[in-house]
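S.K.: Here's a structure for you.
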Amino acid sequence: MEKLKYHFGKLKINKNKKTPMVQEVFSKISQKYDLMNDLMSLGFHRLWKKELIEIMNIENNENIIDIGAGTGDLAFQIYKKNPNAFVTSVDLNLDMLKVGLEKKKKNKCNNIFINANAENLPFKNNSFDKYVISFCLRNITFMETALDEALRVLKPNGIFYCLEFSSPKLKSLSKFYDFYKSKIIPKIGKYIAKNEDAYNYLDQSISMFPNQELLKAILIKKGFNNVSNINFFNGIVSLHIGYKTI
Ligand SMILES: C[S@@+](CC[C@H](N)C(=O)[O-])C[C@H]1O[C@@H](n2cnc3c(N)ncnc32)[C@H](O)[C@@H]1O
């Protein structure tokens, strides 16, 4: 019998099942995704993304790939910061991309939306100056394949940025945070997005994701150089940075 090594939240599943299960979640919540982000994080996700873009220090004419772009938040914020950079927003989920395209009609932005899988990107080697992935890595079935793809499409000296939920350092905060994400967030999901299960998945997928040190070790093992991380909110969210120096 096949050993079940893959997870959808806490559920052990066959490796072929994770991607469709995750995609079903995002299709179901796509219309409420932005509202839920604002409610769950009390608007702080905007600050985390703003901080990420500050740190990315985007220069004119840079080519940036935003993986798991969802409804396009990062592209719109990057355009406000530097309209002379160019963002390719990639997501596997057409329903999330549709919301992004609607938002693009209201937001001035030069980004393009592409429907593709982070594990198999339709771009040539050495195409992008910066690769950014925000709150998506946790959802990818074959994370290491996606990291290989990140290295492949980055130009030499290109920079990888991963913004993701991680592990708070303070024990007291950790207890409160566990309660908030396992008990409160799914209830907000139930009333606002009419989908408690999707937000139980969010809670469990965060708990199962490698902590700061483990993720750094994975990035180093994959071949990124000068790997570091910056914690936001005591480590509830962490930004991992790595370089392609070959
Ligand atoms: C939590 S949302 C993040 C959206 C946006 N980056 C943000 O920060 O708000 C995760 C997104 O990753 C996408 N995703 C999950 N697995 C993917 C994959 N293998 N390739 C591309 N996108 C993927 C989902 O469809 C979803 O839109």
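Just remember, in the structure tokens the first chain shown is A, the second B, etc., residues are 1-based per chain, and ligands are 1-based in the order shown.
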Residues of chain A that have any atom at most 8 Å from an atom of ligand 1: could you tabulate them with the shortest-distance atom pair and the distance in Å to one decimal, using only C-alpha atoms and all ligand atoms, ordered by chain and increasing number, as CSV?
M.R.:
```
residue,atom,partner,partner_atom_place_in_ligand_line,distance
A:Thr19,CA,ligand 1,16 (N),6.7
A:Val22,CA,ligand 1,15 (C),6.7
A:Gln23,CA,ligand 1,25 (O),5.7
A:Phe26,CA,ligand 1,25 (O),5.7
A:Ser27,CA,ligand 1,25 (O),7.8
A:Ser30,CA,ligand 1,27 (O),8.0
A:Asp34,CA,ligand 1,9 (O),7.5
A:Asn37,CA,ligand 1,9 (O),7.6
A:His45,CA,ligand 1,8 (O),7.9
A:Lys49,CA,ligand 1,8 (O),7.5
A:Asp66,CA,ligand 1,6 (N),7.4
A:Ile67,CA,ligand 1,21 (C),6.0
A:Gly68,CA,ligand 1,12 (O),3.5
A:Ala69,CA,ligand 1,6 (N),4.0
A:Gly70,CA,ligand 1,27 (O),3.5
A:Thr71,CA,ligand 1,4 (C),6.3
A:Gly72,CA,ligand 1,5 (C),6.5
A:Asp73,CA,ligand 1,9 (O),6.1
A:Leu74,CA,ligand 1,8 (O),6.9
A:Val90,CA,ligand 1,21 (C),6.2
A:Asp91,CA,ligand 1,22 (N),3.8
A:Leu92,CA,ligand 1,21 (C),4.1
A:Asn93,CA,ligand 1,25 (O),4.3
A:Leu94,CA,ligand 1,25 (O),7.8
A:Met96,CA,ligand 1,27 (O),5.5
A:Leu97,CA,ligand 1,27 (O),7.5
A:Asn115,CA,ligand 1,21 (C),7.7
A:Ala116,CA,ligand 1,21 (C),5.9
A:Asn117,CA,ligand 1,20 (N),3.6
A:Ala118,CA,ligand 1,20 (N),3.8
A:Glu119,CA,ligand 1,19 (N),5.8
A:Ile133,CA,ligand 1,6 (N),6.3
A:Ser134,CA,ligand 1,6 (N),4.3
A:Phe135,CA,ligand 1,3 (C),4.7
A:Cys136,CA,ligand 1,10 (C),4.1
A:Leu137,CA,ligand 1,16 (N),7.2
A:Asn139,CA,ligand 1,15 (C),4.9
A:Ile140,CA,ligand 1,16 (N),4.5
A:Thr141,CA,ligand 1,19 (N),6.6
A:Phe142,CA,ligand 1,19 (N),7.8
A:Ala146,CA,ligand 1,19 (N),7.6
A:Leu163,CA,ligand 1,8 (O),7.9
```
S.K.: Determine, counting only C-alpha atoms, which protein, DNA and RNA residues have an atom within 8 Å of an atom of Ile65 in chain A; residues of the same chain fewer than 3 positions away are not included. Present the result as an MDAnalysis selection string.
M.R.: chainID A and resid 87:90 128 130:132
S.K.: Run DSSP on the backbone and tell me which residues of range 57-134 of chain A come out as alpha helix (DSSP H); list them as a list in words.
M.R.: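 Here are the alpha helix (DSSP H) residues of range 57-134 of chain A: Asp73, Leu74, Ala75, Phe76, Gln77, Ile78, Tyr79, Lys80, Lys81, Leu94, Asp95, Met96, Leu97, Lys98, Val99, Gly100, Leu101, Glu102, Lys103, Lys104, Lys105 and Lys106 of chain A.
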S.K.: Mind checking which residues fall within 8 Å of range 243-246 of chain A, counting only C-alpha atoms, ignoring those fewer than 3 positions away in the same chain, and posting them as a ChimeraX atom specification?
M.R.: /A:151,154-160,223-227
S.K.: Identify which of the residues A:Met143, A:Ala198, A:Leu173, A:Ile185 lies closest to Asp38 in chain A, counting only C-alpha atoms when measuring atom-to-atom distances.
M.R.: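 Once distances to Asp38 in chain A are computed over only C-alpha atoms, the minimum belongs to A:Ile185.
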S.K.: Which residues of range 104-189 of chain A have any atom within 7 Å of an atom in range 203-219 of chain A when counting only C-alpha atoms, and what is the closest pair of atoms for each, with the distance in Å to one decimal? Order the rows by chain and rising number and write it as CSV.
M.R.:
```
residue,atom,partner,partner_atom,distance
A:Arg138,CA,A:Phe209,CA,6.1
A:Phe165,CA,A:Ile206,CA,6.2
A:Ser166,CA,A:Asn211,CA,5.5
A:Ser167,CA,A:Asn211,CA,5.6
A:Lys181,CA,A:Asp203,CA,5.5
A:Ser182,CA,A:Asp203,CA,5.6
```
S.K.: As a PyMOL selection string, please: the residues near Trp48 in chain A (cut-off 12 Å, only C-alpha atoms, same-chain neighbours under 2 positions excluded).
M.R.: chain A and resi 37-38+41-46+50-55+73-74+77+134-135+162-165+230-233+235-239
S.K.: Using N, CA, C and O atoms, can you export the residues from the last selection as a CSV table (one decimal), in the first residue's frame?
M.R.:
```
chain,number,residue,atom,x,y,z
A,37,ASN,N,-9.2,38.4,4.2
A,37,ASN,CA,-7.8,38.8,4.6
A,37,ASN,C,-7.8,40.0,5.4
A,37,ASN,O,-7.1,40.1,6.5
A,38,ASP,N,-8.6,41.0,5.1
A,38,ASP,CA,-8.7,42.2,5.9
A,38,ASP,C,-9.3,41.9,7.3
A,38,ASP,O,-8.8,42.4,8.3
A,41,SER,N,-6.8,39.4,9.5
A,41,SER,CA,-5.6,40.0,9.9
A,41,SER,C,-5.7,41.4,10.4
A,41,SER,O,-4.8,42.1,10.7
A,42,LEU,N,-7.0,41.8,10.6
A,42,LEU,CA,-7.3,43.2,11.0
A,42,LEU,C,-6.6,44.2,10.1
A,42,LEU,O,-6.2,45.3,10.6
A,43,GLY,N,-6.5,43.9,8.9
A,43,GLY,CA,-5.8,44.8,7.9
A,43,GLY,C,-4.3,44.7,7.9
A,43,GLY,O,-3.6,45.3,7.0
A,44,PHE,N,-3.7,43.9,8.8
A,44,PHE,CA,-2.3,43.8,8.9
A,44,PHE,C,-1.6,43.2,7.7
A,44,PHE,O,-0.4,43.5,7.4
A,45,HIS,N,-2.3,42.4,6.9
A,45,HIS,CA,-1.7,41.7,5.7
A,45,HIS,C,-1.2,42.8,4.8
A,45,HIS,O,-0.2,42.7,4.1
A,46,ARG,N,-1.9,44.0,4.7
A,46,ARG,CA,-1.5,45.1,3.9
A,46,ARG,C,-0.1,45.6,4.3
A,46,ARG,O,0.7,46.0,3.5
A,50,LYS,N,3.3,45.7,2.4
A,50,LYS,CA,4.0,47.0,2.2
A,50,LYS,C,5.5,46.9,2.6
A,50,LYS,O,6.4,47.3,1.9
A,51,GLU,N,5.7,46.2,3.7
A,51,GLU,CA,7.0,46.1,4.3
A,51,GLU,C,7.9,45.2,3.3
A,51,GLU,O,9.0,45.5,3.0
A,52,LEU,N,7.2,44.1,2.8
A,52,LEU,CA,7.9,43.3,1.8
A,52,LEU,C,8.4,44.1,0.6
A,52,LEU,O,9.5,44.0,0.2
A,53,ILE,N,7.5,45.0,0.1
A,53,ILE,CA,7.8,45.7,-1.1
A,53,ILE,C,8.9,46.8,-0.8
A,53,ILE,O,9.8,47.0,-1.6
A,54,GLU,N,8.9,47.3,0.4
A,54,GLU,CA,10.0,48.2,0.9
A,54,GLU,C,11.3,47.5,0.8
A,54,GLU,O,12.3,48.0,0.2
A,55,ILE,N,11.3,46.3,1.4
A,55,ILE,CA,12.5,45.5,1.4
A,55,ILE,C,13.0,45.1,0.0
A,55,ILE,O,14.2,45.0,-0.2
A,73,ASP,N,-2.9,41.6,-5.3
A,73,ASP,CA,-2.5,42.7,-4.4
A,73,ASP,C,-1.1,43.2,-4.6
A,73,ASP,O,-0.9,44.4,-4.6
A,74,LEU,N,-0.1,42.2,-4.7
A,74,LEU,CA,1.3,42.7,-4.7
A,74,LEU,C,1.6,43.5,-5.9
A,74,LEU,O,2.2,44.5,-5.8
A,77,GLN,N,0.3,47.0,-5.5
A,77,GLN,CA,1.1,47.8,-4.5
A,77,GLN,C,2.5,48.1,-5.1
A,77,GLN,O,3.0,49.2,-4.9
A,134,SER,N,3.9,35.1,-2.0
A,134,SER,CA,3.3,35.6,-0.7
A,134,SER,C,2.1,34.7,-0.3
A,134,SER,O,1.1,34.6,-1.1
A,135,PHE,N,2.3,34.1,0.8
A,135,PHE,CA,1.2,33.2,1.4
A,135,PHE,C,0.8,32.1,0.4
A,135,PHE,O,-0.4,31.8,0.3
A,162,CYS,N,10.1,35.1,0.0
A,162,CYS,CA,8.9,34.3,0.4
A,162,CYS,C,8.3,34.9,1.7
A,162,CYS,O,8.9,34.8,2.7
A,163,LEU,N,7.1,35.4,1.5
A,163,LEU,CA,6.3,35.9,2.7
A,163,LEU,C,5.3,34.8,3.1
A,163,LEU,O,4.5,34.4,2.2
A,164,GLU,N,5.4,34.3,4.3
A,164,GLU,CA,4.6,33.2,4.7
A,164,GLU,C,4.3,33.2,6.2
A,164,GLU,O,5.1,33.8,7.0
A,165,PHE,N,3.2,32.6,6.6
A,165,PHE,CA,2.9,32.4,8.0
A,165,PHE,C,4.0,31.5,8.6
A,165,PHE,O,4.5,30.6,7.9
A,230,ILE,N,13.3,37.6,8.0
A,230,ILE,CA,12.9,38.7,8.9
A,230,ILE,C,11.5,38.4,9.4
A,230,ILE,O,10.6,38.1,8.6
A,231,ASN,N,11.4,38.4,10.7
A,231,ASN,CA,10.1,38.1,11.3
A,231,ASN,C,9.2,39.4,11.4
A,231,ASN,O,9.7,40.5,11.8
A,232,PHE,N,8.0,39.2,11.1
A,232,PHE,CA,7.0,40.3,11.4
A,232,PHE,C,6.1,39.7,12.5
A,232,PHE,O,5.7,38.5,12.5
A,233,PHE,N,5.6,40.6,13.3
A,233,PHE,CA,4.7,40.2,14.4
A,233,PHE,C,5.2,39.0,15.2
A,233,PHE,O,4.6,38.0,15.4
A,235,GLY,N,7.1,36.8,14.5
A,235,GLY,CA,7.3,35.5,13.8
A,235,GLY,C,6.0,34.9,13.3
A,235,GLY,O,6.0,33.8,12.7
A,236,ILE,N,4.9,35.5,13.6
A,236,ILE,CA,3.6,35.0,13.1
A,236,ILE,C,3.7,34.9,11.5
A,236,ILE,O,3.3,34.0,10.9
A,237,VAL,N,4.4,35.9,11.0
A,237,VAL,CA,4.7,36.0,9.6
A,237,VAL,C,6.2,36.1,9.4
A,237,VAL,O,6.8,36.8,10.2
A,238,SER,N,6.8,35.5,8.4
A,238,SER,CA,8.2,35.7,8.2
A,238,SER,C,8.5,35.8,6.7
A,238,SER,O,7.9,35.2,5.9
A,239,LEU,N,9.5,36.7,6.5
A,239,LEU,CA,9.9,36.9,5.1
A,239,LEU,C,11.3,36.2,5.0
A,239,LEU,O,12.2,36.5,5.7
```
S.K.: May I have the residues within 6 Å of His240 in chain A as a PDB file with N, CA, C and O atoms, in the first residue's frame, using only C-alpha atoms and disregarding those fewer than 3 positions away in the same chain?
M.R.:
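Final file, result.pdb:
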```pdb
ATOM      1  N   TYR A 161      12.032  36.019  -2.664  1.00  0.00           N
ATOM      2  CA  TYR A 161      11.370  36.505  -1.443  1.00  0.00           C
ATOM      3  C   TYR A 161      10.157  35.631  -1.168  1.00  0.00           C
ATOM      4  O   TYR A 161       9.288  35.494  -2.051  1.00  0.00           O
ATOM      5  N   CYS A 162      10.085  35.090   0.023  1.00  0.00           N
ATOM      6  CA  CYS A 162       8.901  34.302   0.388  1.00  0.00           C
ATOM      7  C   CYS A 162       8.290  34.877   1.670  1.00  0.00           C
ATOM      8  O   CYS A 162       8.911  34.830   2.738  1.00  0.00           O
ATOM      9  N   SER A 228      18.356  34.358   4.506  1.00  0.00           N
ATOM     10  CA  SER A 228      18.070  35.000   5.801  1.00  0.00           C
ATOM     11  C   SER A 228      16.561  35.112   5.955  1.00  0.00           C
ATOM     12  O   SER A 228      15.816  34.854   5.006  1.00  0.00           O
ATOM     13  N   ASN A 229      16.130  35.498   7.146  1.00  0.00           N
ATOM     14  CA  ASN A 229      14.696  35.765   7.307  1.00  0.00           C
ATOM     15  C   ASN A 229      14.468  36.942   8.243  1.00  0.00           C
ATOM     16  O   ASN A 229      15.316  37.269   9.072  1.00  0.00           O
TER      17      ASN A 229
END
```
